[in-house]
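Below: one structure, written as structure tokens.
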Amino acid sequence: MAKQPVKDAASATLLVELLTEELPPKALRLLSEAFVKALAEDLRGSDFLEPGSEAQPYATPRRLAARITRVHERAPDKPVEMSGPSVKAALDVKGQPTQALLGFAKKHGVEVSKLVRRETPKGEFFFHRDIAKGGHLDAVLAIKVEAALGKLPIPKVMRWGAGETQFARPVHGLVMLHGSRVVPGKVLGAESSNKIHGHRFLSGGAIPLKDADDYERTLREQGKVIAGFAARRALIMKALEGAAGAGAALVADDALLDEITALVEWPAVYAGEFGREFLEVPEECLVLSMQRHQKYVPLREKATGKLLSRFLFVSNLETKQPREIAHGNERVLRARLADAKFFYNQDRKTRLEARVPRLAGVVHHGKLGSQLERVERIQLLAGKIAHQTDADPLLTGRAAWLSKADLLTEMVGEFPELQGTMGCYYALNDGEPKAVADAIEAHYHPAFAGDVLPDTPVGIAVALADKLDTLTGLFGIGQVPTGDRDPFGLRRAALGIVRMLVERRLALSLPDLVGAAFKEYGGRVADAHAAVESFIYDRLTGYLKDAGYSTLEVDSVVSLRPARIDLAPRQLEAVRAFNKLPEAESLAAANKRVANILRQAAAKGESFASTESDKLQEPAERELYSALAITANNAKGLYERGDFTGFLKTFAALKGPVDAFFDSVMVMVDDPELRRNRLALLADLRSEMNRVADLSKLAA
């Protein structure tokens with residue numbers, strides 16, 4: 001029978017819990033995961049964790065905790081090696097120790113004879129080898145906990161009491177337990193103990209915790225707290241589905257469920273109702289009222305998809321009289337929905353078109369004018385786009401003119417998230433064409449990663465104009481995203497432009513679109529045409545990589561800055577097909593060589609135009625000239641028809657002539673006319689071959 005390894009007697013589970021006032025619910029899950037990750041990494045880096053150690057985060061409204069298994073009380077000793085002087089500097093010509101070597105030995109308290117010599121990539125050096133004592137958990141844990149808390153992504157910290165301590169919320173308790181032993185220390189002003197606290201109302205006072213491994217069970221059984229965020233969320237989800245019943249579906253995304261989970265420690269699900277008369281209000285208003293203000297879960301009928309006049313809510317208390325809790329929540333919700341109904345009825349009394357002139361009093365940006373000026377620019381730009389696409393110019397102009405009118409409605413004033421959505425409802429109420437109403441809503445899309453695109457030509461035209469106006473205007477006044485900062489969502493706008501052009505296969509020139517957008521500003525902003533284009537091409541690069549294309553493939557296409565980015569996926573498929581050819585590697589390498597030669601020649605001031613056939617002297621250069629002419633002629637029709645794969649494959653025939661040219665022809669000869677002609681031939685070669693992709697980018 002194999003001998004089992006002996007477990008370190010001083011190894012045990014470590015529990016760290018910080019008791020606080022109610023933590024920010026939207027950030028709770030992220031905070032808990034970041035805390036346990038940072039703490040575990042720090043302990044592992046200091047050799048306190050055994051192999052196979054596992055870290056578990058816990059998070060409730062009033063606590064962040066980490067439970068880490070197999071933690072040493074004292075980190076193991078380990079050999080260390082300190083580098084000393086080189087042998088050349090350590091020994092004199094007679095081989096005796098110099099002051100450098102004697103000083104190094106004295107510094108480490110050893111005889112020179114105890115030092116070792118070892119070869120390194122930089123030469124032979126002296127080294128001192130020793131055993132470093134492992135640290136003790138008691139001495140470092142509080143420091144490591146504070147360091148981990150200091151790394152948390154907390155946007156705004158608080159101070160409390162008379163001290164200078166800062167955290168997301170005031171701290172009232174600290175548990176640091178290694179097995180059954182309290183690890184002494186102070187973190188954020190709180191002294192460590194083994195006392196945990198349960199539910200604020202369902203638990204009575206401090207609870208002594210006997211062992212770190214008992215944390216989750218003790219809190220549940222004695223404290224009425226489900227400590228694990230994921231466990232609590234799963235419990236809530238199961239209870240919600242049970243309360244909804246077989247015929248209803250929950251209207252709740254992950255963000256809402258996470259926020260609800262972060263608000264309760266002992267969840268109990270109850271149901272409520274509201275008057276059916278409120279269903280006359282657009283359901284987006286009702287859903288937003290329930291979700292954002294009250295953290296309720298609306299219900300939708302599975303069979304019809306219609307919103308029901310029932311809702312669910314999660315309480316932090318269990319009660320034997322749920323009707324009283326439900327009645328109180330119904331009363332609060334009724335007031336919210338009554339406001340929404342009032343706003344909806346009032347807004348419909350004024351037509352959208354009547355609101356547009358009042359946009360002159362709404363500032364879009366201090367340097368870019370009012371919302372009315374913005375609408376005028378968008379209308380003109382959208383009209384130009386409409387004439388180049390399938391969009392009806394009259395409907396497009398109308399949709400653009402009304403696109404921002406709902407910003408002046410009561411409903412959007414209360415719920416800014418509904419801009420566009422309410423404009424669509426109000427446009428239909430005013431009798432506007434459905435294409436106009438749909439475009440008012442769609443022009444805000446895509447609003448986030450993975451969001452839907454506008455699905456009508458009118459919506460696409462207005463959406464493109466809106467995003468182009470935003471990009472060009474803000475770039476024109478120097479409001480360019482830096483690092484992680486992008487307060488105006490310009491990266492999102494640029495990606496939206498990329499997605500619409502590519503996924504809707506719009507045969508539009510990106511440089512022309514950007515130029516037209518700048519033109520509508522009439523010189524009011526600086527012309528940052530090149531910067532805006534580069535910004536959009538950067539988003540195109542990321543988009544194509546996310547689609548599964550390699551960095552080299554994407555770079556070969558995007559580096560050409562294609563005007564028609566809708567063709568980029570087809571160009572990339574052609575590159576992939578070309579890469580499978582046996583000639584691909586050689587032609588890519590030749591292209592790279594050509595690019596280097598031309599770049600170096602340009603740096604020296606060389607100038608060259610078209611190739612002059614009568615000045616070709618060597619057989620290899622004449623053969624390449626002839627082969628290029630034939631191949632380019634054969635490829636021209638393929639390119640014009642959009643057969644990019646066939647185009648690239650055609651140039652595989654040049655492998656032999658290109659190889660022969662570089663084997664026998666000197667390009668940079670002394671004769672200036674001959675040199676310029678050969679450079680011109682290479683420039684012609686590069687120009688013809690790289691219309692679909694820069695093949696030199698494919699060379700390793």
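By order of appearance in the structure tokens: chains A, B, ..., then residues from 1 within every chain, and ligands from 1 in the order shown.
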
Can you pull out the residues contacting His364 (chain A)? Cut-off 12 Å, using only C-alpha atoms, and skip same-chain residues under 6 positions away; I want them as JSON, numbers by chain. {"A": [370, 371, 372, 373, 374, 375, 404, 407, 469, 470, 473, 474, 488]}

His172 (chain A) environment, 12 Å, only C-alpha atoms, sequence neighbours closer than 5 positions dropped, as a PDB file with all heavy atoms, in the first residue's frame:
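Result saved to selection.pdb:
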```pdb
ATOM      1  N   GLU A  17     -13.390  37.652   7.540  1.00  0.00           N
ATOM      2  CA  GLU A  17     -14.681  38.286   7.298  1.00  0.00           C
ATOM      3  C   GLU A  17     -14.644  39.726   7.778  1.00  0.00           C
ATOM      4  O   GLU A  17     -14.185  40.021   8.875  1.00  0.00           O
ATOM      5  CB  GLU A  17     -15.815  37.553   8.023  1.00  0.00           C
ATOM      6  CG  GLU A  17     -17.184  38.142   7.671  1.00  0.00           C
ATOM      7  CD  GLU A  17     -18.219  37.952   8.778  1.00  0.00           C
ATOM      8  OE1 GLU A  17     -18.011  38.483   9.901  1.00  0.00           O
ATOM      9  OE2 GLU A  17     -19.239  37.297   8.514  1.00  0.00           O
ATOM     10  N   LEU A  18     -15.123  40.614   6.929  1.00  0.00           N
ATOM     11  CA  LEU A  18     -15.236  42.030   7.264  1.00  0.00           C
ATOM     12  C   LEU A  18     -16.715  42.356   7.400  1.00  0.00           C
ATOM     13  O   LEU A  18     -17.482  42.205   6.434  1.00  0.00           O
ATOM     14  CB  LEU A  18     -14.605  42.869   6.140  1.00  0.00           C
ATOM     15  CG  LEU A  18     -14.086  44.259   6.495  1.00  0.00           C
ATOM     16  CD1 LEU A  18     -12.882  44.150   7.434  1.00  0.00           C
ATOM     17  CD2 LEU A  18     -13.697  45.007   5.225  1.00  0.00           C
ATOM     18  N   LEU A  19     -17.152  42.783   8.577  1.00  0.00           N
ATOM     19  CA  LEU A  19     -18.541  43.167   8.817  1.00  0.00           C
ATOM     20  C   LEU A  19     -18.668  44.669   8.602  1.00  0.00           C
ATOM     21  O   LEU A  19     -17.924  45.454   9.187  1.00  0.00           O
ATOM     22  CB  LEU A  19     -18.966  42.798  10.241  1.00  0.00           C
ATOM     23  CG  LEU A  19     -20.445  43.039  10.571  1.00  0.00           C
ATOM     24  CD1 LEU A  19     -21.321  42.036   9.839  1.00  0.00           C
ATOM     25  CD2 LEU A  19     -20.680  42.960  12.077  1.00  0.00           C
ATOM     26  N   THR A  20     -19.603  45.067   7.747  1.00  0.00           N
ATOM     27  CA  THR A  20     -19.731  46.469   7.368  1.00  0.00           C
ATOM     28  C   THR A  20     -21.185  46.922   7.430  1.00  0.00           C
ATOM     29  O   THR A  20     -22.093  46.126   7.687  1.00  0.00           O
ATOM     30  CB  THR A  20     -19.244  46.686   5.919  1.00  0.00           C
ATOM     31  OG1 THR A  20     -20.172  46.064   5.027  1.00  0.00           O
ATOM     32  CG2 THR A  20     -17.862  46.098   5.701  1.00  0.00           C
ATOM     33  N   GLU A  21     -21.383  48.197   7.186  1.00  0.00           N
ATOM     34  CA  GLU A  21     -22.728  48.666   6.873  1.00  0.00           C
ATOM     35  C   GLU A  21     -23.031  48.274   5.433  1.00  0.00           C
ATOM     36  O   GLU A  21     -22.155  47.822   4.703  1.00  0.00           O
ATOM     37  CB  GLU A  21     -22.818  50.175   7.092  1.00  0.00           C
ATOM     38  CG  GLU A  21     -22.693  50.551   8.567  1.00  0.00           C
ATOM     39  CD  GLU A  21     -22.864  52.034   8.828  1.00  0.00           C
ATOM     40  OE1 GLU A  21     -23.345  52.753   7.924  1.00  0.00           O
ATOM     41  OE2 GLU A  21     -22.502  52.478   9.934  1.00  0.00           O
ATOM     42  N   GLU A  22     -24.283  48.462   5.001  1.00  0.00           N
ATOM     43  CA  GLU A  22     -24.740  47.932   3.717  1.00  0.00           C
ATOM     44  C   GLU A  22     -23.845  48.384   2.560  1.00  0.00           C
ATOM     45  O   GLU A  22     -23.685  49.574   2.301  1.00  0.00           O
ATOM     46  CB  GLU A  22     -26.189  48.352   3.455  1.00  0.00           C
ATOM     47  CG  GLU A  22     -27.231  47.438   4.068  1.00  0.00           C
ATOM     48  CD  GLU A  22     -27.264  47.448   5.597  1.00  0.00           C
ATOM     49  OE1 GLU A  22     -26.628  48.350   6.182  1.00  0.00           O
ATOM     50  OE2 GLU A  22     -27.902  46.570   6.188  1.00  0.00           O
ATOM     51  N   ARG A  62     -23.969  42.992   4.223  1.00  0.00           N
ATOM     52  CA  ARG A  62     -23.189  43.543   5.335  1.00  0.00           C
ATOM     53  C   ARG A  62     -21.851  42.854   5.547  1.00  0.00           C
ATOM     54  O   ARG A  62     -21.236  43.044   6.603  1.00  0.00           O
ATOM     55  CB  ARG A  62     -23.999  43.453   6.635  1.00  0.00           C
ATOM     56  CG  ARG A  62     -25.294  44.228   6.627  1.00  0.00           C
ATOM     57  CD  ARG A  62     -25.824  44.422   8.032  1.00  0.00           C
ATOM     58  NE  ARG A  62     -25.998  43.162   8.721  1.00  0.00           N
ATOM     59  CZ  ARG A  62     -25.762  42.983  10.026  1.00  0.00           C
ATOM     60  NH1 ARG A  62     -25.299  43.991  10.753  1.00  0.00           N
ATOM     61  NH2 ARG A  62     -25.984  41.812  10.592  1.00  0.00           N
ATOM     62  N   ARG A  63     -21.388  42.093   4.586  1.00  0.00           N
ATOM     63  CA  ARG A  63     -20.118  41.405   4.841  1.00  0.00           C
ATOM     64  C   ARG A  63     -19.427  41.006   3.538  1.00  0.00           C
ATOM     65  O   ARG A  63     -20.073  40.678   2.545  1.00  0.00           O
ATOM     66  CB  ARG A  63     -20.333  40.187   5.731  1.00  0.00           C
ATOM     67  CG  ARG A  63     -20.921  38.966   5.073  1.00  0.00           C
ATOM     68  CD  ARG A  63     -21.492  37.992   6.089  1.00  0.00           C
ATOM     69  NE  ARG A  63     -22.736  38.497   6.652  1.00  0.00           N
ATOM     70  CZ  ARG A  63     -22.993  38.562   7.959  1.00  0.00           C
ATOM     71  NH1 ARG A  63     -22.099  38.140   8.836  1.00  0.00           N
ATOM     72  NH2 ARG A  63     -24.147  39.049   8.389  1.00  0.00           N
ATOM     73  N   LEU A  64     -18.104  41.070   3.593  1.00  0.00           N
ATOM     74  CA  LEU A  64     -17.234  40.461   2.591  1.00  0.00           C
ATOM     75  C   LEU A  64     -16.396  39.427   3.322  1.00  0.00           C
ATOM     76  O   LEU A  64     -15.851  39.717   4.391  1.00  0.00           O
ATOM     77  CB  LEU A  64     -16.303  41.489   1.953  1.00  0.00           C
ATOM     78  CG  LEU A  64     -16.877  42.510   0.975  1.00  0.00           C
ATOM     79  CD1 LEU A  64     -15.769  43.450   0.514  1.00  0.00           C
ATOM     80  CD2 LEU A  64     -17.503  41.817  -0.222  1.00  0.00           C
ATOM     81  N   TRP A 160     -15.267  57.281   8.485  1.00  0.00           N
ATOM     82  CA  TRP A 160     -16.205  57.223   9.604  1.00  0.00           C
ATOM     83  C   TRP A 160     -15.427  57.418  10.907  1.00  0.00           C
ATOM     84  O   TRP A 160     -14.216  57.201  10.974  1.00  0.00           O
ATOM     85  CB  TRP A 160     -16.968  55.894   9.621  1.00  0.00           C
ATOM     86  CG  TRP A 160     -16.103  54.678   9.779  1.00  0.00           C
ATOM     87  CD1 TRP A 160     -15.797  54.018  10.926  1.00  0.00           C
ATOM     88  CD2 TRP A 160     -15.414  53.971   8.728  1.00  0.00           C
ATOM     89  NE1 TRP A 160     -14.971  52.950  10.675  1.00  0.00           N
ATOM     90  CE2 TRP A 160     -14.719  52.899   9.333  1.00  0.00           C
ATOM     91  CE3 TRP A 160     -15.328  54.153   7.349  1.00  0.00           C
ATOM     92  CZ2 TRP A 160     -13.957  52.019   8.594  1.00  0.00           C
ATOM     93  CZ3 TRP A 160     -14.552  53.266   6.633  1.00  0.00           C
ATOM     94  CH2 TRP A 160     -13.878  52.206   7.241  1.00  0.00           C
ATOM     95  N   GLY A 161     -16.146  57.846  11.909  1.00  0.00           N
ATOM     96  CA  GLY A 161     -15.490  58.082  13.195  1.00  0.00           C
ATOM     97  C   GLY A 161     -14.524  59.248  13.116  1.00  0.00           C
ATOM     98  O   GLY A 161     -14.598  60.116  12.251  1.00  0.00           O
ATOM     99  N   PHE A 167     -13.108  53.202   3.467  1.00  0.00           N
ATOM    100  CA  PHE A 167     -13.552  51.994   2.762  1.00  0.00           C
ATOM    101  C   PHE A 167     -14.890  52.322   2.102  1.00  0.00           C
ATOM    102  O   PHE A 167     -15.438  53.413   2.255  1.00  0.00           O
ATOM    103  CB  PHE A 167     -13.679  50.813   3.728  1.00  0.00           C
ATOM    104  CG  PHE A 167     -13.867  49.485   3.038  1.00  0.00           C
ATOM    105  CD1 PHE A 167     -12.945  49.039   2.100  1.00  0.00           C
ATOM    106  CD2 PHE A 167     -14.970  48.692   3.297  1.00  0.00           C
ATOM    107  CE1 PHE A 167     -13.110  47.835   1.444  1.00  0.00           C
ATOM    108  CE2 PHE A 167     -15.150  47.477   2.653  1.00  0.00           C
ATOM    109  CZ  PHE A 167     -14.218  47.047   1.728  1.00  0.00           C
ATOM    110  N   LYS A 186      -5.386  44.029  13.322  1.00  0.00           N
ATOM    111  CA  LYS A 186      -6.373  45.085  13.143  1.00  0.00           C
ATOM    112  C   LYS A 186      -6.417  45.464  11.671  1.00  0.00           C
ATOM    113  O   LYS A 186      -5.386  45.656  11.035  1.00  0.00           O
ATOM    114  CB  LYS A 186      -6.017  46.304  13.994  1.00  0.00           C
ATOM    115  CG  LYS A 186      -7.017  47.462  13.865  1.00  0.00           C
ATOM    116  CD  LYS A 186      -6.580  48.680  14.655  1.00  0.00           C
ATOM    117  CE  LYS A 186      -6.825  48.473  16.148  1.00  0.00           C
ATOM    118  NZ  LYS A 186      -6.598  49.745  16.897  1.00  0.00           N
ATOM    119  N   VAL A 187      -7.641  45.547  11.137  1.00  0.00           N
ATOM    120  CA  VAL A 187      -7.852  45.917   9.740  1.00  0.00           C
ATOM    121  C   VAL A 187      -8.915  47.002   9.676  1.00  0.00           C
ATOM    122  O   VAL A 187     -10.012  46.825  10.222  1.00  0.00           O
ATOM    123  CB  VAL A 187      -8.288  44.702   8.889  1.00  0.00           C
ATOM    124  CG1 VAL A 187      -8.663  45.135   7.479  1.00  0.00           C
ATOM    125  CG2 VAL A 187      -7.195  43.641   8.841  1.00  0.00           C
ATOM    126  N   LEU A 188      -8.594  48.121   9.060  1.00  0.00           N
ATOM    127  CA  LEU A 188      -9.523  49.245   8.918  1.00  0.00           C
ATOM    128  C   LEU A 188     -10.146  49.631  10.259  1.00  0.00           C
ATOM    129  O   LEU A 188     -11.338  49.935  10.367  1.00  0.00           O
ATOM    130  CB  LEU A 188     -10.618  48.917   7.894  1.00  0.00           C
ATOM    131  CG  LEU A 188     -10.140  48.634   6.461  1.00  0.00           C
ATOM    132  CD1 LEU A 188     -11.314  48.313   5.541  1.00  0.00           C
ATOM    133  CD2 LEU A 188      -9.343  49.806   5.903  1.00  0.00           C
ATOM    134  N   GLY A 189      -9.334  49.576  11.292  1.00  0.00           N
ATOM    135  CA  GLY A 189      -9.767  49.996  12.616  1.00  0.00           C
ATOM    136  C   GLY A 189     -10.470  48.937  13.443  1.00  0.00           C
ATOM    137  O   GLY A 189     -10.785  49.179  14.615  1.00  0.00           O
ATOM    138  N   ALA A 190     -10.718  47.754  12.897  1.00  0.00           N
ATOM    139  CA  ALA A 190     -11.431  46.695  13.614  1.00  0.00           C
ATOM    140  C   ALA A 190     -10.454  45.620  14.087  1.00  0.00           C
ATOM    141  O   ALA A 190      -9.587  45.186  13.330  1.00  0.00           O
ATOM    142  CB  ALA A 190     -12.498  46.069  12.719  1.00  0.00           C
ATOM    143  N   GLU A 191     -10.608  45.187  15.353  1.00  0.00           N
ATOM    144  CA  GLU A 191      -9.767  44.141  15.927  1.00  0.00           C
ATOM    145  C   GLU A 191     -10.321  42.766  15.585  1.00  0.00           C
ATOM    146  O   GLU A 191     -11.543  42.547  15.601  1.00  0.00           O
ATOM    147  CB  GLU A 191      -9.699  44.293  17.452  1.00  0.00           C
ATOM    148  CG  GLU A 191      -8.911  45.493  17.937  1.00  0.00           C
ATOM    149  CD  GLU A 191      -7.413  45.271  17.903  1.00  0.00           C
ATOM    150  OE1 GLU A 191      -6.985  44.144  17.563  1.00  0.00           O
ATOM    151  OE2 GLU A 191      -6.669  46.228  18.194  1.00  0.00           O
ATOM    152  N   SER A 192      -9.421  41.843  15.307  1.00  0.00           N
ATOM    153  CA  SER A 192      -9.835  40.491  14.950  1.00  0.00           C
ATOM    154  C   SER A 192     -10.428  39.751  16.147  1.00  0.00           C
ATOM    155  O   SER A 192     -10.000  39.923  17.291  1.00  0.00           O
ATOM    156  CB  SER A 192      -8.637  39.706  14.412  1.00  0.00           C
ATOM    157  OG  SER A 192      -8.993  38.376  14.147  1.00  0.00           O
ATOM    158  N   SER A 193     -11.431  38.917  15.850  1.00  0.00           N
ATOM    159  CA  SER A 193     -12.044  38.050  16.864  1.00  0.00           C
ATOM    160  C   SER A 193     -12.619  36.834  16.159  1.00  0.00           C
ATOM    161  O   SER A 193     -12.463  36.676  14.948  1.00  0.00           O
ATOM    162  CB  SER A 193     -13.151  38.799  17.612  1.00  0.00           C
ATOM    163  OG  SER A 193     -14.316  38.905  16.800  1.00  0.00           O
ATOM    164  N   LYS A 195     -15.973  36.291  16.573  1.00  0.00           N
ATOM    165  CA  LYS A 195     -17.406  36.595  16.722  1.00  0.00           C
ATOM    166  C   LYS A 195     -17.980  37.033  15.377  1.00  0.00           C
ATOM    167  O   LYS A 195     -17.569  38.046  14.804  1.00  0.00           O
ATOM    168  CB  LYS A 195     -17.622  37.712  17.745  1.00  0.00           C
ATOM    169  CG  LYS A 195     -17.067  37.422  19.135  1.00  0.00           C
ATOM    170  CD  LYS A 195     -17.864  36.318  19.819  1.00  0.00           C
ATOM    171  CE  LYS A 195     -17.572  36.260  21.318  1.00  0.00           C
ATOM    172  NZ  LYS A 195     -16.152  36.013  21.626  1.00  0.00           N
ATOM    173  N   ILE A 196     -18.929  36.256  14.892  1.00  0.00           N
ATOM    174  CA  ILE A 196     -19.638  36.640  13.674  1.00  0.00           C
ATOM    175  C   ILE A 196     -21.027  37.144  14.049  1.00  0.00           C
ATOM    176  O   ILE A 196     -21.527  36.863  15.141  1.00  0.00           O
ATOM    177  CB  ILE A 196     -19.747  35.465  12.673  1.00  0.00           C
ATOM    178  CG1 ILE A 196     -20.462  34.263  13.309  1.00  0.00           C
ATOM    179  CG2 ILE A 196     -18.365  35.073  12.162  1.00  0.00           C
ATOM    180  CD1 ILE A 196     -20.704  33.126  12.334  1.00  0.00           C
ATOM    181  N   HIS A 197     -21.636  37.898  13.156  1.00  0.00           N
ATOM    182  CA  HIS A 197     -22.954  38.466  13.400  1.00  0.00           C
ATOM    183  C   HIS A 197     -23.893  38.017  12.297  1.00  0.00           C
ATOM    184  O   HIS A 197     -23.548  38.072  11.117  1.00  0.00           O
ATOM    185  CB  HIS A 197     -22.901  39.987  13.453  1.00  0.00           C
ATOM    186  CG  HIS A 197     -22.141  40.509  14.630  1.00  0.00           C
ATOM    187  ND1 HIS A 197     -20.755  40.461  14.698  1.00  0.00           N
ATOM    188  CD2 HIS A 197     -22.566  41.071  15.789  1.00  0.00           C
ATOM    189  CE1 HIS A 197     -20.361  40.974  15.848  1.00  0.00           C
ATOM    190  NE2 HIS A 197     -21.438  41.357  16.530  1.00  0.00           N
TER     191      HIS A 197
END
```

I'd like the neighbourhood of Thr396 (chain A) as a CSV table (one decimal) with C-alpha atoms, in the first residue's frame, where a residue qualifies if any of its atoms comes within 8 Å (using only C-alpha atoms), though same-chain residues fewer than 5 positions away should be ignored.
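The file below, part.csv, is the result:
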```
chain,number,residue,atom,x,y,z
A,379,GLN,CA,-30.9,65.2,-40.7
A,382,ALA,CA,-28.8,60.9,-42.8
A,383,GLY,CA,-30.3,62.3,-46.1
A,386,ALA,CA,-30.3,57.5,-47.6
A,391,ALA,CA,-33.6,54.2,-47.4
A,436,VAL,CA,-40.3,56.8,-39.0
A,458,VAL,CA,-34.3,54.3,-42.5
A,459,GLY,CA,-33.2,53.3,-39.0
A,461,ALA,CA,-29.3,55.8,-42.0
A,462,VAL,CA,-30.3,57.8,-38.9
```

In region 153-278 of chain A, DSSP strand (DSSP E) residues written as a ChimeraX atom specification: /A:158-159,166-167,171-178,181-182,186-187,190-193,195-197,206-208,248-250,268-273

Compile a residue-level contact table for region 532-622 of chain A against region 496-513 of chain A at a cut-off of 6 Å, reporting for every qualifying residue the shortest atom pair and its distance in Å to one decimal, with only C-alpha atoms counted, rows ordered by chain and ascending number, as a tab-separated table.
```
residue	atom	partner	partner_atom	distance
A:Ala563	CA	A:Ser509	CA	4.8
A:Arg564	CA	A:Ser509	CA	5.2
A:Asp566	CA	A:Val502	CA	4.1
```
